[in-house]
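Engineer: Next up is a structure, given as structure tokens.
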Amino acid sequence: MYGQENVTFQKPSPEILALADYQRPPALELSPDKAWVLLSYRPTYKSLEELGQEEVRLAGLRINAKARISSTENYFNNLRLRSAKDGQEFDIDGIPANALIANISFSQDSRYIAFTNTTNKGVALWLVDIASKKAKQLTDYNLNVVLNNPYQWLRNSQGLLISKTPANTPSLIDRSNELPKGPVVSTSQGKVSQLRTYQDLLKTPEDEYDFEVLAKAELHWIDLDGKETPFLPADLYTQVSISPDGKYALVTKLKKPFSYVVPYNSFPQETHVYDLQGKVIRKVNETPLMEVRPKGFSSTRPGKRMLSWRADKPNTLFFVQALDEGDASKKVEYRDELFTWEFPFDGAPKSLTKVKDRFAGIIWGNDQYVLVSSSWYDTRSSKTFVLNPTTGASRLLFDRNSQDIYSHPGNVYRERNGFGTLTMYIQKDKTYWIGAGHTKEGEFPFIDELDMKTLKKKRLYTAPASEKQERIADVIDIAKGDILISLQSPKDYPNFYAKNIKTGKIKAVTAIENPFKSLENVHKQVLNYKRKDGVDLSGTLYLPAGYDFNKKEKLPLLIWAYPREYKDKNTASQSTANPKEFTFPSYGSFIYWVAKGYAVLDNAAFPIVGEGTAEPNDTFIPQLIANAEAAINAVDSLGYIDRKKVAIGGHSYGAFMTAHLLSNTDLFACGVARSGAYNRTLTPFGFQSEQRNLWDDPQLYMTMSPFLSADRMKTPILLVHGSADNNPGTFTMQTERYFQALKNLGAPARMVILPRESHGYAAKENILHLLWEQDQFFEKYLKGK
């Protein structure tokens, strides 16, 4: 079984295939005026042929070289419109045959929808007239989506700014006969830097040439009849943003030198403001090559960052600047300073405020009220301030642990202002906050009214307790109390309803059927239990339909988990597990196998806690084992399982977890590890949330490497990896080298490399085969067949 095999693609058993081969329901989006619902239909899976398109990997990107778009783009194949008022649904005439639709957006006046369609010739812009329900092609198949969005709407909705591949663009270098012109030389300048292990970087001068060929684009204005007007000549544009008043454009482009150690977004950049005729108003930023990163997640780049338009002003810029030069290790009173810069940017920027932690975001309101957020990773601190942008006066609104889900205040409601940009909805100093409402007792979404003058809150609405879980999807009219909600249960697919929070009246917007009928009668419950050190844990337990709770047949158990790091036990004990959620199986869990007579504990909590000055990874393996023991004990105490027939599985960091548990415990009969990293010396400058590097603590990296404990592996393990993994650190080589070590040491292991797949799997052939591999593996090691 463990020698080299030539295996053709297989399909899983009928019970699993019936669940895996389903039609994906549509995605929904409301128009800006809330009058229309756009239904976007996506194929359930990609095909292996799609994954085999010509792909170039450069500067941290994966590019479809023929089409000048990301090769990992997920496409829709159809669009439909539904009236939000009466629910009437409409086809859109003229949608291209065999469409590959992406980059969908409404115009701000809700009269049009723009989208791109991709073919083997390239990417073209299409336009839907909502009144006539007709689509038309607006450009040739020559848009460029490598570095920048293919288009953006003008503020008046009468045209768009598009990114085009220049005419007469040269071909890529033919590497088959190209002789090197010299060696590749890299030099260290003697500066300490904490860079992660990036994939798909530039490696040679030829790569640099090809990158420029693929990424250079021209910018053009185009009206709704397809008439184009040139704006800016070919360059490496990474950001184009039109000012709220629609009169200027903020444009960022890459400069040389390029780098072979960081992705393109760390290359040198220049930012200018232009008028709509292409005249430079002013250069507003210049960023050098960023190959040096100080240690710590709270470190950032020096100089201006987050340069953008202020959403509540016609043409005022906003930016942040680090007062500690971006180095989190420096002791300073304030970390960041926030600035605005008024048109025409020939005066000095105005300081808005300073924050003691790292700036984390801003939400514009008006001349009296702005929300400013800051955070500090090491302490998980999250603060929100109400700032008066006119006077600079600042008041603390929230001070909380960012991982404390029970205290989350929700997100402030925003609406489009007169410019068409999103700003805080403020009426007579009142703002409105929509929250998920996670509590110990369950999930109760809410709407709060918050007075910005007094900072007092009033609860306006809490979703009622019922058999179905209600969630707030959008606000239609906050003054009238009209909102858009979804309702779901384990048997009922999430459908949308218009609801008035004052009267309680609801009206159906969608009526999507459950695509997984065979799971309707499975038993589902949220299991709450404790770890031996008192940390509260949870997971969602599934038992087969018709399970006899009197006889209590001893079932094999599958556990799916992912370790998460916390700084205190209280937040680690919090749970979002919800028994009212719709049962949605996917290849990313083991839920399928409840249809084959297995018990499944899905999303079992595996917290790794490091309180005070302790780091979570200092006790990573003991905490993993404690989590696993608690999960098995909890299900076993109910009498449902055979403790000798338990499997563990996980993806990415969950695969890393699986390898450790199989090497360090005898709790499991087998395990599945997908797309993991097993040798931490190959990710020497940090991994997951670990900020120490290999030379800071060599023993930690050794202990945290299941590769180095491969000699202790005695439990069957199924290793799966995509052959084209694009995730930092989880190179396909990680699984190949780990399997080689296990095989040579005599461990029972099977390795499956899925062709053309990256970190997440997409092709139908590969996913069905993955399910078959897992099915065969479980049948052999848990049921003995």
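Numbering starts fresh at 1 for the residues of each chain in the structure tokens, the chains themselves are lettered A, B, ... in the order given, and ligands are numbered from 1 as they appear.
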Considering only C-alpha atoms, return as a ChimeraX atom specification whatever protein or nucleic-acid residues lie within 8 Å of Val600 (chain A), sequence-local ones (same chain, fewer than 5 positions apart) excluded.
Structural biologist: /A:540-543,557-560,590-591,593-594
Engineer: Write out as a PyMOL selection string the residues lying within 12 Å of Asn603 (chain A), counting only C-alpha atoms and excluding same-chain residues fewer than 5 positions away.
Structural biologist: chain A and resi 526-527+537-542+558-564+575-578+588-591+631+648-651+654
Engineer: Taking the DSSP assignment computed from this structure's backbone, write out as a list of chain:residue names all residues of region 129-349 of chain A that belong to alpha helix (DSSP H).
Structural biologist: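 Those in region 129-349 of chain A that DSSP calls alpha helix (DSSP H) are A:Pro205, A:Glu206, A:Asp207, A:Glu208, A:Tyr209, A:Asp210, A:Phe211, A:Glu212, A:Val213, A:Leu214, A:Ala215.
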Engineer: Of the candidates A:Gly504, A:Gly639, A:Gly326, A:Gly60, which one gets nearest to Ile483 (chain A) if we count only C-alpha atoms?
Structural biologist: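 Checking each of A:Gly504, A:Gly639, A:Gly326, A:Gly60 against Ile483 (chain A), counting only C-alpha atoms, the winner is A:Gly504.
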Engineer: Can you tell me, as a count of residues only, which residues in region 396-554 of chain A count as strand (DSSP E or B) by DSSP?
Structural biologist: 78
Engineer: May I ask which of the residues A:Met290, A:Ala99, A:Ser299, A:Arg335 is the closest one to Asn120 (chain A), counting only C-alpha atoms?
Structural biologist: A:Ala99
Engineer: For each of A:Phe211, A:Phe778, A:Tyr45, A:Tyr151, take the minimum atom-to-atom distance to Val672 (chain A), counting only C-alpha atoms, then give the residue where this is smallest.
Structural biologist: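 Among the listed residues, A:Phe778 lies closest to Val672 (chain A).
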Engineer: Residues near Leu782 (chain A), anyone? I mean within 9 Å using only C-alpha atoms, not counting same-chain ones fewer than 6 positions away, as a list in words.
Structural biologist: Pro556, Leu557, Lys644, Lys645, Val646, Ala647, Ala669 and Cys670 of chain A
Engineer: Mind dumping the selected residues with C-alpha atoms as an mmCIF file, in the first residue's frame?
Structural biologist:
```
data_model
loop_
_atom_site.group_PDB
_atom_site.id
_atom_site.type_symbol
_atom_site.label_atom_id
_atom_site.label_comp_id
_atom_site.auth_asym_id
_atom_site.auth_seq_id
_atom_site.Cartn_x
_atom_site.Cartn_y
_atom_site.Cartn_z
ATOM 1 C CA PRO A 556 -16.022 5.354 15.419
ATOM 2 C CA LEU A 557 -15.358 9.060 16.026
ATOM 3 C CA LYS A 644 -10.111 2.660 20.231
ATOM 4 C CA LYS A 645 -11.590 3.948 16.974
ATOM 5 C CA VAL A 646 -10.965 7.698 17.002
ATOM 6 C CA ALA A 647 -9.404 9.680 14.134
ATOM 7 C CA ALA A 669 -6.296 5.029 15.580
ATOM 8 C CA CYS A 670 -5.335 7.185 12.577
#
```
Engineer: Write out as a tab-separated table the residues of region 256-338 of chain A that have any atom within 12 Å of an atom of region 373-397 of chain A, one row each with the nearest atom pair and its distance in Å to one decimal, counting only C-alpha atoms, sorted by chain and then rising number.
Structural biologist:
```
residue	atom	partner	partner_atom	distance
A:Lys295	CA	A:Asp378	CA	11.9
A:Gly296	CA	A:Asp378	CA	8.4
A:Phe297	CA	A:Tyr377	CA	6.4
A:Ser298	CA	A:Tyr377	CA	5.8
A:Ser299	CA	A:Tyr377	CA	9.6
A:Thr300	CA	A:Trp376	CA	11.8
A:Arg310	CA	A:Pro389	CA	11.2
A:Asp312	CA	A:Pro389	CA	11.2
A:Lys313	CA	A:Pro389	CA	11.7
A:Phe318	CA	A:Pro389	CA	11.6
A:Val320	CA	A:Ser374	CA	11.8
A:Ala328	CA	A:Trp376	CA	9.4
A:Ser329	CA	A:Asp378	CA	11.2
A:Tyr334	CA	A:Ser374	CA	11.2
A:Arg335	CA	A:Ser374	CA	9.8
A:Asp336	CA	A:Ser374	CA	9.2
A:Glu337	CA	A:Ser374	CA	11.1
A:Leu338	CA	A:Pro389	CA	10.5
```
Engineer: Which residue gives the smallest distance to Ala634 (chain A) among A:Ser70, A:Lys532, A:Glu765, A:Phe584, with only C-alpha atoms counted?
Structural biologist: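 Looking at the shortest contact to Ala634 (chain A), the residue is A:Lys532.
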Engineer: Extract, using only C-alpha atoms, all DNA, RNA and protein residues at most 6 Å from Asn64 (chain A), discarding same-chain residues fewer than 5 positions from it, and format them as a list in words.
Structural biologist: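 Once the nearby chain positions are removed, what remains is Glu54, Glu55, Ile69, Ser70 and Ser71 of chain A.
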Engineer: If we count only C-alpha atoms and set the cut-off at 10 Å, which residues sit around Val535 (chain A), ignoring sequence neighbours fewer than 4 positions away in its own chain? Please answer as a PyMOL selection string.
Structural biologist: chain A and resi 529-531+568-574+607+609+627
Engineer: So, counting only C-alpha atoms, which residue among A:Gln699, A:Ser259, A:Gln688, A:Ser586 is closest to Leu771 (chain A)?
Structural biologist: A:Ser586
Engineer: Which residues are close to Thr252 (chain A), i.e. within 7 Å by only C-alpha atoms, leaving aside same-chain residues fewer than 6 positions away? Reply as a list in words.
Structural biologist: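 Neighbouring residues, sequence-local ones excluded: Tyr237, Thr238, Gln239, Val240, Gln269, Glu270, Thr271 and His272 of chain A.
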